[in-house]
There are 2 protein chains.
Amino acid sequence: MTVSSLVQLRLVWCCWTLPRWQMNGHKRSLAVWTSATAKWTLKQKKLAELYRIPVSRPPILSGTSLLGKGALSTTSISPKEVMLTSERYGVQRLPFSHVSDSDLAFFEHLIPGRVITDPDELRLFNVDWLQSVRGCSTMLLRPRTAAEVSEILRYCNKRNLAVNPQGGNTGLVGGSVPVFDEIILSTALMNQVISFNSVSGILVCQAGCILENLNTYLEELDFIMPLDLGAKGSCHIGGNVATNAGGLRLLRYGSLRGTVLGLEVVLADGSILNCLASLRKDNTGYDLKQLFIGSEGTLGVITAVSILCPRKPKSVNLAFLGSPFYILIETSGSNSAHDEEKLNNFLEHVMASGLVTDGTVATEDKKIKILWSLRERITEALTHDGCVYKYDISLPVERLYDLVIDTRARLGKTAKNVVGYGHLGDGNLHLNITAESYSHSLLNAIEPFVYKWTAQYNGSISAEHGLGFKKKHYIQYSKPQEAVLLMQQVKAMLDPKGILNPYKTLPASS
Amino acid sequence: MTVSSLVQLRLVWCCWTLPRWQMNGHKRSLAVWTSATAKWTLKQKKLAELYRIPVSRPPILSGTSLLGKGALSTTSISPKEVMLTSERYGVQRLPFSHVSDSDLAFFEHLIPGRVITDPDELRLFNVDWLQSVRGCSTMLLRPRTAAEVSEILRYCNKRNLAVNPQGGNTGLVGGSVPVFDEIILSTALMNQVISFNSVSGILVCQAGCILENLNTYLEELDFIMPLDLGAKGSCHIGGNVATNAGGLRLLRYGSLRGTVLGLEVVLADGSILNCLASLRKDNTGYDLKQLFIGSEGTLGVITAVSILCPRKPKSVNLAFLGSPFYILIETSGSNSAHDEEKLNNFLEHVMASGLVTDGTVATEDKKIKILWSLRERITEALTHDGCVYKYDISLPVERLYDLVIDTRARLGKTAKNVVGYGHLGDGNLHLNITAESYSHSLLNAIEPFVYKWTAQYNGSISAEHGLGFKKKHYIQYSKPQEAVLLMQQVKAMLDPKGILNPYKTLPASS
């Protein structure tokens, strides 16, 4: 098959066509697709249908517009209707203190005007974005500095008050909202860039900076953030690090384990751990910051981040290809002619082999964004089905779609949709099962089936979403008992009273 | 300046010339050099002189040729002459048990024929490669499996016997040899590849595999190891991970924090921690393996490693360029014509700007290896000066060479040579000061001067070598007291008796 015949192809659902295939390539991105065994789909329903869904973005919760926007009104369900987590899951409250008038007075004095106790204002922060879990916190604190966070935690630790650190509240496993009446500690007002070095590409910023804002800031300086995800308009970099967010650029730039160079963290007792190095290499002792990356706010509150940012690519192409499955491939490079030639060769190869039958390529930023939105808004589109049971699975790539097929067969008509999408390049399947409403019996048909299936193939039951509240009891499907015990020891060492994000990440010590 | 004029250039010391500049490029590698403030040198003495030094490689200690090769005879100093660490540094032995006859009997029964007690055979393993520190261990154990390591540590922990885990013994900070009579636990016979997945590029192998052997194994499968360093012919992958080795490919493929996907570790009490996942993403609980990466054998013994390996590049070019400094730039890509064009553009730019006045480019593997050997053998070449004081510093790249200039000015003629080389792309300076023999007064002139200078610019006093025995007391120049305290807590939690690699990495708890 020649290049000229490729030019004829376009997808019927597209609202634009390109005069010819415009291409650029990067070996690392493309290598994945050349696995002959790998197949993929965005969604089983027709894409045209998906594209028409009137999806809306997650609410943008910036520091200055944090409150009173009624951001969740973009979805049809009111937060009032979300069942309390404690009721739905039958959780027992741990014996933490209750917030008293003198506590309120202390915090009002410490951060005047930044203590929220109005129930209407608090509603938004007690419910997760999926509207699947709900706490009943009566207080939200909005510190601006690590010193303020330190004072808050020192006080809470002494008083035995539980604390729920919260970034953009875009988590999908119930890790970012209280289970009971934990004090919500918001990073929203810690939203300052501290420094950027254009020689090294190292950005240092406060934890509450919104990911998309950081990316916009960097693009003007000819750099980009090393991570990108659908929730970028709301999520905070501190939350990204606390949950070790993966996202759409992991294949290209690696994980946060490699790109995060330093952290400032406030520990449960209020002490400030300043490991905010801005160095590519530092082998002086144990790498403590790694403890906090992915610990979901259970070991400390991240207040600032030092992160290595790549140069903004000079040429970017997006190929959207179809056969039994749909795949998005983004390439980035420094020379558009070179990239075009590489992508061209790749497309010729996959068309000739029959792996791909249809596709379009975009090079313009606007068109690239539209294509990406198809992928990024799947999460939100699914919420329109009603109740969504979400699973975020890592598997050997050759097994990736088998779980969707097996789950679909198992559930039959008891589920509305069983959908698999995700990240082919890093073996990350987002398995989503939808139904009109929540039901225990459907949940019991899914779990532990999905976890057992995953464990059988040495997969992970949480690839990038974390364990949060919803998955903590299933950790043993991916980690041996010795590891869980050691994690519990680490937790006990760093937070002996367990005040930080209780009921999350780890099962209680036996 | 045009391409044709570039063709005329060649370095007089080269034993070959190229008919023209042959080039290929990769943006990430080249970006660093374009920093106008960055200057660099391999060595102050003329390269022709350096090239004539009859340097020899570090001894190759493979599993089957571990003993009796007198490998250190390639240098002129006999191990007998190395002063005992305990005497030179005035260290007090901690109250560990001494190895008894019944201990010997236990180990002989556990791993028959793999317990070394002959003093002549042991000599090699008691002295570091630099011949700068020496212990007096009377026993070396060579387990083949994690189960055997587990039995050994369980016994040693119970008996309060100190243990010095040892890989290829190529460390530069005295971390890999005993300080007193610690039992040496060698990983040399744990040298099996467990699996390799050519779709994901994930290698799983035992800790004692020699880095170069792994790379040779992978090259046949069209992959390479994500790290490379001068000691590759001797160093073990387990030791690389335990010391978080940086090396020559860090800029291209990132650090071990990102590429190591899983570890199997035996803890001090003998329990086996199996976190040997082979997944790109896994967010189920705290990332325990990170504790052991870079902990220098003080928290556990790494027995197996899962690591992400990149595809072998289809085109590799090496540019060796000179102005006031010399720089090696390796590019790797998938298309030699594209890479040549990119490198060409870069060279035209740096020649036109006057940053570079001279250079050669190699594309053939053999010539690339010869050029790299100039860089890789500097460490060894320096040992011919006599005594070498080694510093491995991270700095903001614009400050990188200032420390060499300031140190040279400070020491004057008391030093034979003050040499700076290293890794420009990641801000890593190897500062080396040579003298005929060791002297306290010279050491006192260097330290803490170098550490204070580094701390002043927020650098790290150990970029990639670790702290080992020699640098542990200087950790406070790069880490705050809160961090050191927390590290000591981690150590106490994982190794309460302190049997694992004592006297290393951390100062004693106060």
# chains A, B, ... in the order shown; residues from 1 in each chain; ligands from 1
$ interface_residues --of "chain A" --to "chain B" --cutoff "7 Å" --atoms "only C-alpha atoms" --output "PDB file with N, CA and C atoms, in the first residue's frame"
ATOM      1  N   LYS A  27      10.061   7.082  17.795  1.00  0.00           N
ATOM      2  CA  LYS A  27      10.207   5.647  17.908  1.00  0.00           C
ATOM      3  C   LYS A  27       9.555   5.068  19.157  1.00  0.00           C
ATOM      4  N   SER A  35       3.416  -4.089  18.214  1.00  0.00           N
ATOM      5  CA  SER A  35       3.149  -5.405  18.788  1.00  0.00           C
ATOM      6  C   SER A  35       1.947  -6.013  18.073  1.00  0.00           C
ATOM      7  N   VAL A 199      17.480  26.501  31.890  1.00  0.00           N
ATOM      8  CA  VAL A 199      18.606  25.666  31.449  1.00  0.00           C
ATOM      9  C   VAL A 199      18.321  24.204  31.799  1.00  0.00           C
ATOM     10  N   GLY A 254       8.179   9.180  31.048  1.00  0.00           N
ATOM     11  CA  GLY A 254       8.406   8.377  32.255  1.00  0.00           C
ATOM     12  C   GLY A 254       7.491   8.783  33.392  1.00  0.00           C
ATOM     13  N   SER A 255       7.608   8.057  34.498  1.00  0.00           N
ATOM     14  CA  SER A 255       6.703   8.264  35.625  1.00  0.00           C
ATOM     15  C   SER A 255       7.196   9.380  36.540  1.00  0.00           C
ATOM     16  N   ARG A 257       8.005   9.039  39.454  1.00  0.00           N
ATOM     17  CA  ARG A 257       9.125   8.507  40.251  1.00  0.00           C
ATOM     18  C   ARG A 257      10.460   8.998  39.700  1.00  0.00           C
ATOM     19  N   GLY A 258      10.500   9.253  38.418  1.00  0.00           N
ATOM     20  CA  GLY A 258      11.734   9.740  37.815  1.00  0.00           C
ATOM     21  C   GLY A 258      11.755  11.242  37.611  1.00  0.00           C
ATOM     22  N   LEU A 273       9.477  18.612  56.268  1.00  0.00           N
ATOM     23  CA  LEU A 273      10.576  17.874  55.654  1.00  0.00           C
ATOM     24  C   LEU A 273      10.910  18.554  54.337  1.00  0.00           C
ATOM     25  N   ASN A 274      12.037  19.255  54.324  1.00  0.00           N
ATOM     26  CA  ASN A 274      12.408  19.984  53.112  1.00  0.00           C
ATOM     27  C   ASN A 274      13.371  19.165  52.273  1.00  0.00           C
ATOM     28  N   LEU A 279      17.896  19.004  41.640  1.00  0.00           N
ATOM     29  CA  LEU A 279      19.072  18.364  41.049  1.00  0.00           C
ATOM     30  C   LEU A 279      18.640  17.097  40.330  1.00  0.00           C
ATOM     31  N   ARG A 280      19.300  16.826  39.223  1.00  0.00           N
ATOM     32  CA  ARG A 280      18.984  15.601  38.496  1.00  0.00           C
ATOM     33  C   ARG A 280      19.493  14.374  39.241  1.00  0.00           C
ATOM     34  N   LYS A 281      20.580  14.525  39.955  1.00  0.00           N
ATOM     35  CA  LYS A 281      21.170  13.397  40.677  1.00  0.00           C
ATOM     36  C   LYS A 281      21.438  13.798  42.113  1.00  0.00           C
ATOM     37  N   ASP A 282      21.065  12.941  43.046  1.00  0.00           N
ATOM     38  CA  ASP A 282      21.349  13.206  44.451  1.00  0.00           C
ATOM     39  C   ASP A 282      21.284  11.888  45.209  1.00  0.00           C
ATOM     40  N   ASN A 283      22.447  11.330  45.506  1.00  0.00           N
ATOM     41  CA  ASN A 283      22.500  10.050  46.222  1.00  0.00           C
ATOM     42  C   ASN A 283      23.012  10.216  47.645  1.00  0.00           C
ATOM     43  N   THR A 284      22.424  11.148  48.362  1.00  0.00           N
ATOM     44  CA  THR A 284      22.822  11.337  49.757  1.00  0.00           C
ATOM     45  C   THR A 284      21.746  10.746  50.662  1.00  0.00           C
ATOM     46  N   GLY A 285      21.893   9.469  50.951  1.00  0.00           N
ATOM     47  CA  GLY A 285      20.949   8.798  51.845  1.00  0.00           C
ATOM     48  C   GLY A 285      19.714   8.289  51.121  1.00  0.00           C
ATOM     49  N   TYR A 286      18.759   7.817  51.902  1.00  0.00           N
ATOM     50  CA  TYR A 286      17.539   7.228  51.339  1.00  0.00           C
ATOM     51  C   TYR A 286      16.694   8.306  50.661  1.00  0.00           C
ATOM     52  N   ASP A 287      16.010   7.911  49.604  1.00  0.00           N
ATOM     53  CA  ASP A 287      15.217   8.856  48.825  1.00  0.00           C
ATOM     54  C   ASP A 287      13.829   8.999  49.463  1.00  0.00           C
ATOM     55  N   GLN A 290      10.274   9.555  47.799  1.00  0.00           N
ATOM     56  CA  GLN A 290       9.539   8.475  47.142  1.00  0.00           C
ATOM     57  C   GLN A 290       8.454   7.893  48.047  1.00  0.00           C
ATOM     58  N   LEU A 291       8.666   7.977  49.368  1.00  0.00           N
ATOM     59  CA  LEU A 291       7.639   7.487  50.290  1.00  0.00           C
ATOM     60  C   LEU A 291       6.326   8.236  50.096  1.00  0.00           C
ATOM     61  N   GLY A 294       2.674   8.844  45.713  1.00  0.00           N
ATOM     62  CA  GLY A 294       1.759   7.699  45.665  1.00  0.00           C
ATOM     63  C   GLY A 294       1.225   7.244  47.005  1.00  0.00           C
ATOM     64  N   SER A 295       1.512   8.003  48.075  1.00  0.00           N
ATOM     65  CA  SER A 295       1.011   7.569  49.394  1.00  0.00           C
ATOM     66  C   SER A 295      -0.357   8.169  49.704  1.00  0.00           C
ATOM     67  N   SER A 334      11.471  16.965  17.014  1.00  0.00           N
ATOM     68  CA  SER A 334      12.043  18.300  16.824  1.00  0.00           C
ATOM     69  C   SER A 334      12.057  18.722  15.366  1.00  0.00           C
ATOM     70  N   HIS A 338      11.113  15.076   9.376  1.00  0.00           N
ATOM     71  CA  HIS A 338      11.577  13.755   9.836  1.00  0.00           C
ATOM     72  C   HIS A 338      10.426  12.960  10.423  1.00  0.00           C
ATOM     73  N   SER A 394      -3.399  -2.856  35.633  1.00  0.00           N
ATOM     74  CA  SER A 394      -2.179  -3.076  34.846  1.00  0.00           C
ATOM     75  C   SER A 394      -2.098  -4.545  34.480  1.00  0.00           C
ATOM     76  N   ASP A 426       1.544   1.339  28.024  1.00  0.00           N
ATOM     77  CA  ASP A 426       2.049   0.923  29.327  1.00  0.00           C
ATOM     78  C   ASP A 426       1.170  -0.141  29.988  1.00  0.00           C
ATOM     79  N   SER A 460      -1.703  -5.534  38.207  1.00  0.00           N
ATOM     80  CA  SER A 460      -1.923  -4.685  39.381  1.00  0.00           C
ATOM     81  C   SER A 460      -3.372  -4.243  39.394  1.00  0.00           C
ATOM     82  N   SER A 462      -4.454  -1.637  40.800  1.00  0.00           N
ATOM     83  CA  SER A 462      -4.528  -0.195  40.580  1.00  0.00           C
ATOM     84  C   SER A 462      -3.280   0.258  39.839  1.00  0.00           C
ATOM     85  N   ALA A 463      -3.451   0.538  38.576  1.00  0.00           N
ATOM     86  CA  ALA A 463      -2.312   0.953  37.759  1.00  0.00           C
ATOM     87  C   ALA A 463      -1.907   2.382  38.084  1.00  0.00           C
ATOM     88  N   GLU A 464      -2.899   3.296  38.084  1.00  0.00           N
ATOM     89  CA  GLU A 464      -2.550   4.703  38.267  1.00  0.00           C
ATOM     90  C   GLU A 464      -3.512   5.468  39.151  1.00  0.00           C
ATOM     91  N   HIS A 465      -4.640   4.910  39.505  1.00  0.00           N
ATOM     92  CA  HIS A 465      -5.626   5.644  40.305  1.00  0.00           C
ATOM     93  C   HIS A 465      -5.358   5.590  41.800  1.00  0.00           C
ATOM     94  N   GLY A 466      -4.584   4.610  42.231  1.00  0.00           N
ATOM     95  CA  GLY A 466      -4.342   4.446  43.665  1.00  0.00           C
ATOM     96  C   GLY A 466      -5.392   3.546  44.300  1.00  0.00           C
ATOM     97  N   LEU A 467      -5.309   3.389  45.605  1.00  0.00           N
ATOM     98  CA  LEU A 467      -6.235   2.517  46.333  1.00  0.00           C
ATOM     99  C   LEU A 467      -7.338   3.304  47.027  1.00  0.00           C
ATOM    100  N   ILE A 475      -5.672  -4.792  48.309  1.00  0.00           N
ATOM    101  CA  ILE A 475      -4.231  -4.659  48.087  1.00  0.00           C
ATOM    102  C   ILE A 475      -3.539  -6.019  48.003  1.00  0.00           C
ATOM    103  N   SER A 478      -2.388  -7.653  44.790  1.00  0.00           N
ATOM    104  CA  SER A 478      -1.212  -7.173  44.057  1.00  0.00           C
ATOM    105  C   SER A 478       0.053  -7.104  44.894  1.00  0.00           C
ATOM    106  N   PRO A 480       2.297  -8.810  48.326  1.00  0.00           N
ATOM    107  CA  PRO A 480       2.355  -9.891  49.316  1.00  0.00           C
ATOM    108  C   PRO A 480       2.166  -9.363  50.733  1.00  0.00           C
ATOM    109  N   GLU A 482       3.941  -9.611  53.352  1.00  0.00           N
ATOM    110  CA  GLU A 482       5.135  -8.974  53.929  1.00  0.00           C
ATOM    111  C   GLU A 482       5.198  -7.499  53.537  1.00  0.00           C
ATOM    112  N   ALA A 483       4.817  -7.208  52.305  1.00  0.00           N
ATOM    113  CA  ALA A 483       4.856  -5.818  51.841  1.00  0.00           C
ATOM    114  C   ALA A 483       3.793  -4.978  52.534  1.00  0.00           C
ATOM    115  N   MET A 487       4.343  -1.727  54.862  1.00  0.00           N
ATOM    116  CA  MET A 487       3.652  -0.452  54.617  1.00  0.00           C
ATOM    117  C   MET A 487       2.970   0.034  55.898  1.00  0.00           C
ATOM    118  N   THR A 505      -6.101   3.767  51.609  1.00  0.00           N
ATOM    119  CA  THR A 505      -4.871   3.161  51.080  1.00  0.00           C
ATOM    120  C   THR A 505      -4.515   1.799  51.679  1.00  0.00           C
ATOM    121  N   LEU A 506      -4.427   1.718  52.996  1.00  0.00           N
ATOM    122  CA  LEU A 506      -4.048   0.442  53.618  1.00  0.00           C
ATOM    123  C   LEU A 506      -5.180  -0.112  54.461  1.00  0.00           C
TER     124      LEU A 506
END
$ residues_around --residues "Gly168 in chain A" --least-positions-apart "4" --cutoff "12 Å" --atoms "only C-alpha atoms" --output "ChimeraX atom specification"
/A:58-63,66,124-125,127-129,172,175-177,185-191,207-212,231-240,242-243
$ residues_around --residues "Val115 in chain B" --least-positions-apart "2" --cutoff "9 Å" --atoms "only C-alpha atoms" --output "PyMOL selection string"
chain B and resi 104+107-108+111-113+117+139-143
$ closest_residue --among "A:Gln131, A:Gln92, A:Ser306, A:Asn157" --to "Leu500 in chain A" --atoms "only C-alpha atoms"
A:Asn157
$ atom_distance --atom1 "CA of Val388 in chain A" --atom2 "CA of Gln166 in chain A"
22.5 Å
$ closest_residue --among "B:Glu220, B:Leu443, B:Ala268, B:Gly174" --to "Ile152 in chain B" --atoms "only C-alpha atoms"
B:Ala268
$ atom_distance --atom1 "CA of Phe106 in chain B" --atom2 "CA of Lys497 in chain B"
20.7 Å
$ select_by_dssp --residues "range 372-467 of chain A" --states "helix (DSSP H, G or I)" --output "PyMOL selection string"
chain A and resi 372-376+378-383+397-399+402-414+424-426+440-446+449-456
$ decode --residues "range 455-481 of chain A" --atoms "C-alpha atoms" --output "mmCIF file, in the first residue's frame"
data_model
loop_
_atom_site.group_PDB
_atom_site.id
_atom_site.type_symbol
_atom_site.label_atom_id
_atom_site.label_comp_id
_atom_site.auth_asym_id
_atom_site.auth_seq_id
_atom_site.Cartn_x
_atom_site.Cartn_y
_atom_site.Cartn_z
ATOM 1 C CA ALA A 455 -3.781 -11.409 40.113
ATOM 2 C CA GLN A 456 -3.796 -14.569 38.012
ATOM 3 C CA TYR A 457 -1.810 -12.738 35.324
ATOM 4 C CA ASN A 458 0.446 -10.885 37.786
ATOM 5 C CA GLY A 459 -1.278 -7.610 37.080
ATOM 6 C CA SER A 460 -1.923 -4.685 39.381
ATOM 7 C CA ILE A 461 -5.391 -3.888 40.677
ATOM 8 C CA SER A 462 -4.528 -0.195 40.580
ATOM 9 C CA ALA A 463 -2.312 0.953 37.759
ATOM 10 C CA GLU A 464 -2.550 4.703 38.267
ATOM 11 C CA HIS A 465 -5.626 5.644 40.305
ATOM 12 C CA GLY A 466 -4.342 4.446 43.665
ATOM 13 C CA LEU A 467 -6.235 2.517 46.333
ATOM 14 C CA GLY A 468 -7.947 5.358 48.145
ATOM 15 C CA PHE A 469 -10.999 4.328 50.085
ATOM 16 C CA LYS A 470 -12.553 1.963 47.569
ATOM 17 C CA LYS A 471 -9.685 -0.395 46.822
ATOM 18 C CA LYS A 472 -7.720 -0.583 50.034
ATOM 19 C CA HIS A 473 -9.098 -3.974 51.030
ATOM 20 C CA TYR A 474 -7.915 -5.512 47.778
ATOM 21 C CA ILE A 475 -4.231 -4.659 48.087
ATOM 22 C CA GLN A 476 -3.365 -8.303 48.750
ATOM 23 C CA TYR A 477 -4.249 -9.160 45.155
ATOM 24 C CA SER A 478 -1.212 -7.173 44.057
ATOM 25 C CA LYS A 479 1.111 -7.095 47.050
ATOM 26 C CA PRO A 480 2.355 -9.891 49.316
ATOM 27 C CA GLN A 481 1.530 -9.873 52.992
#
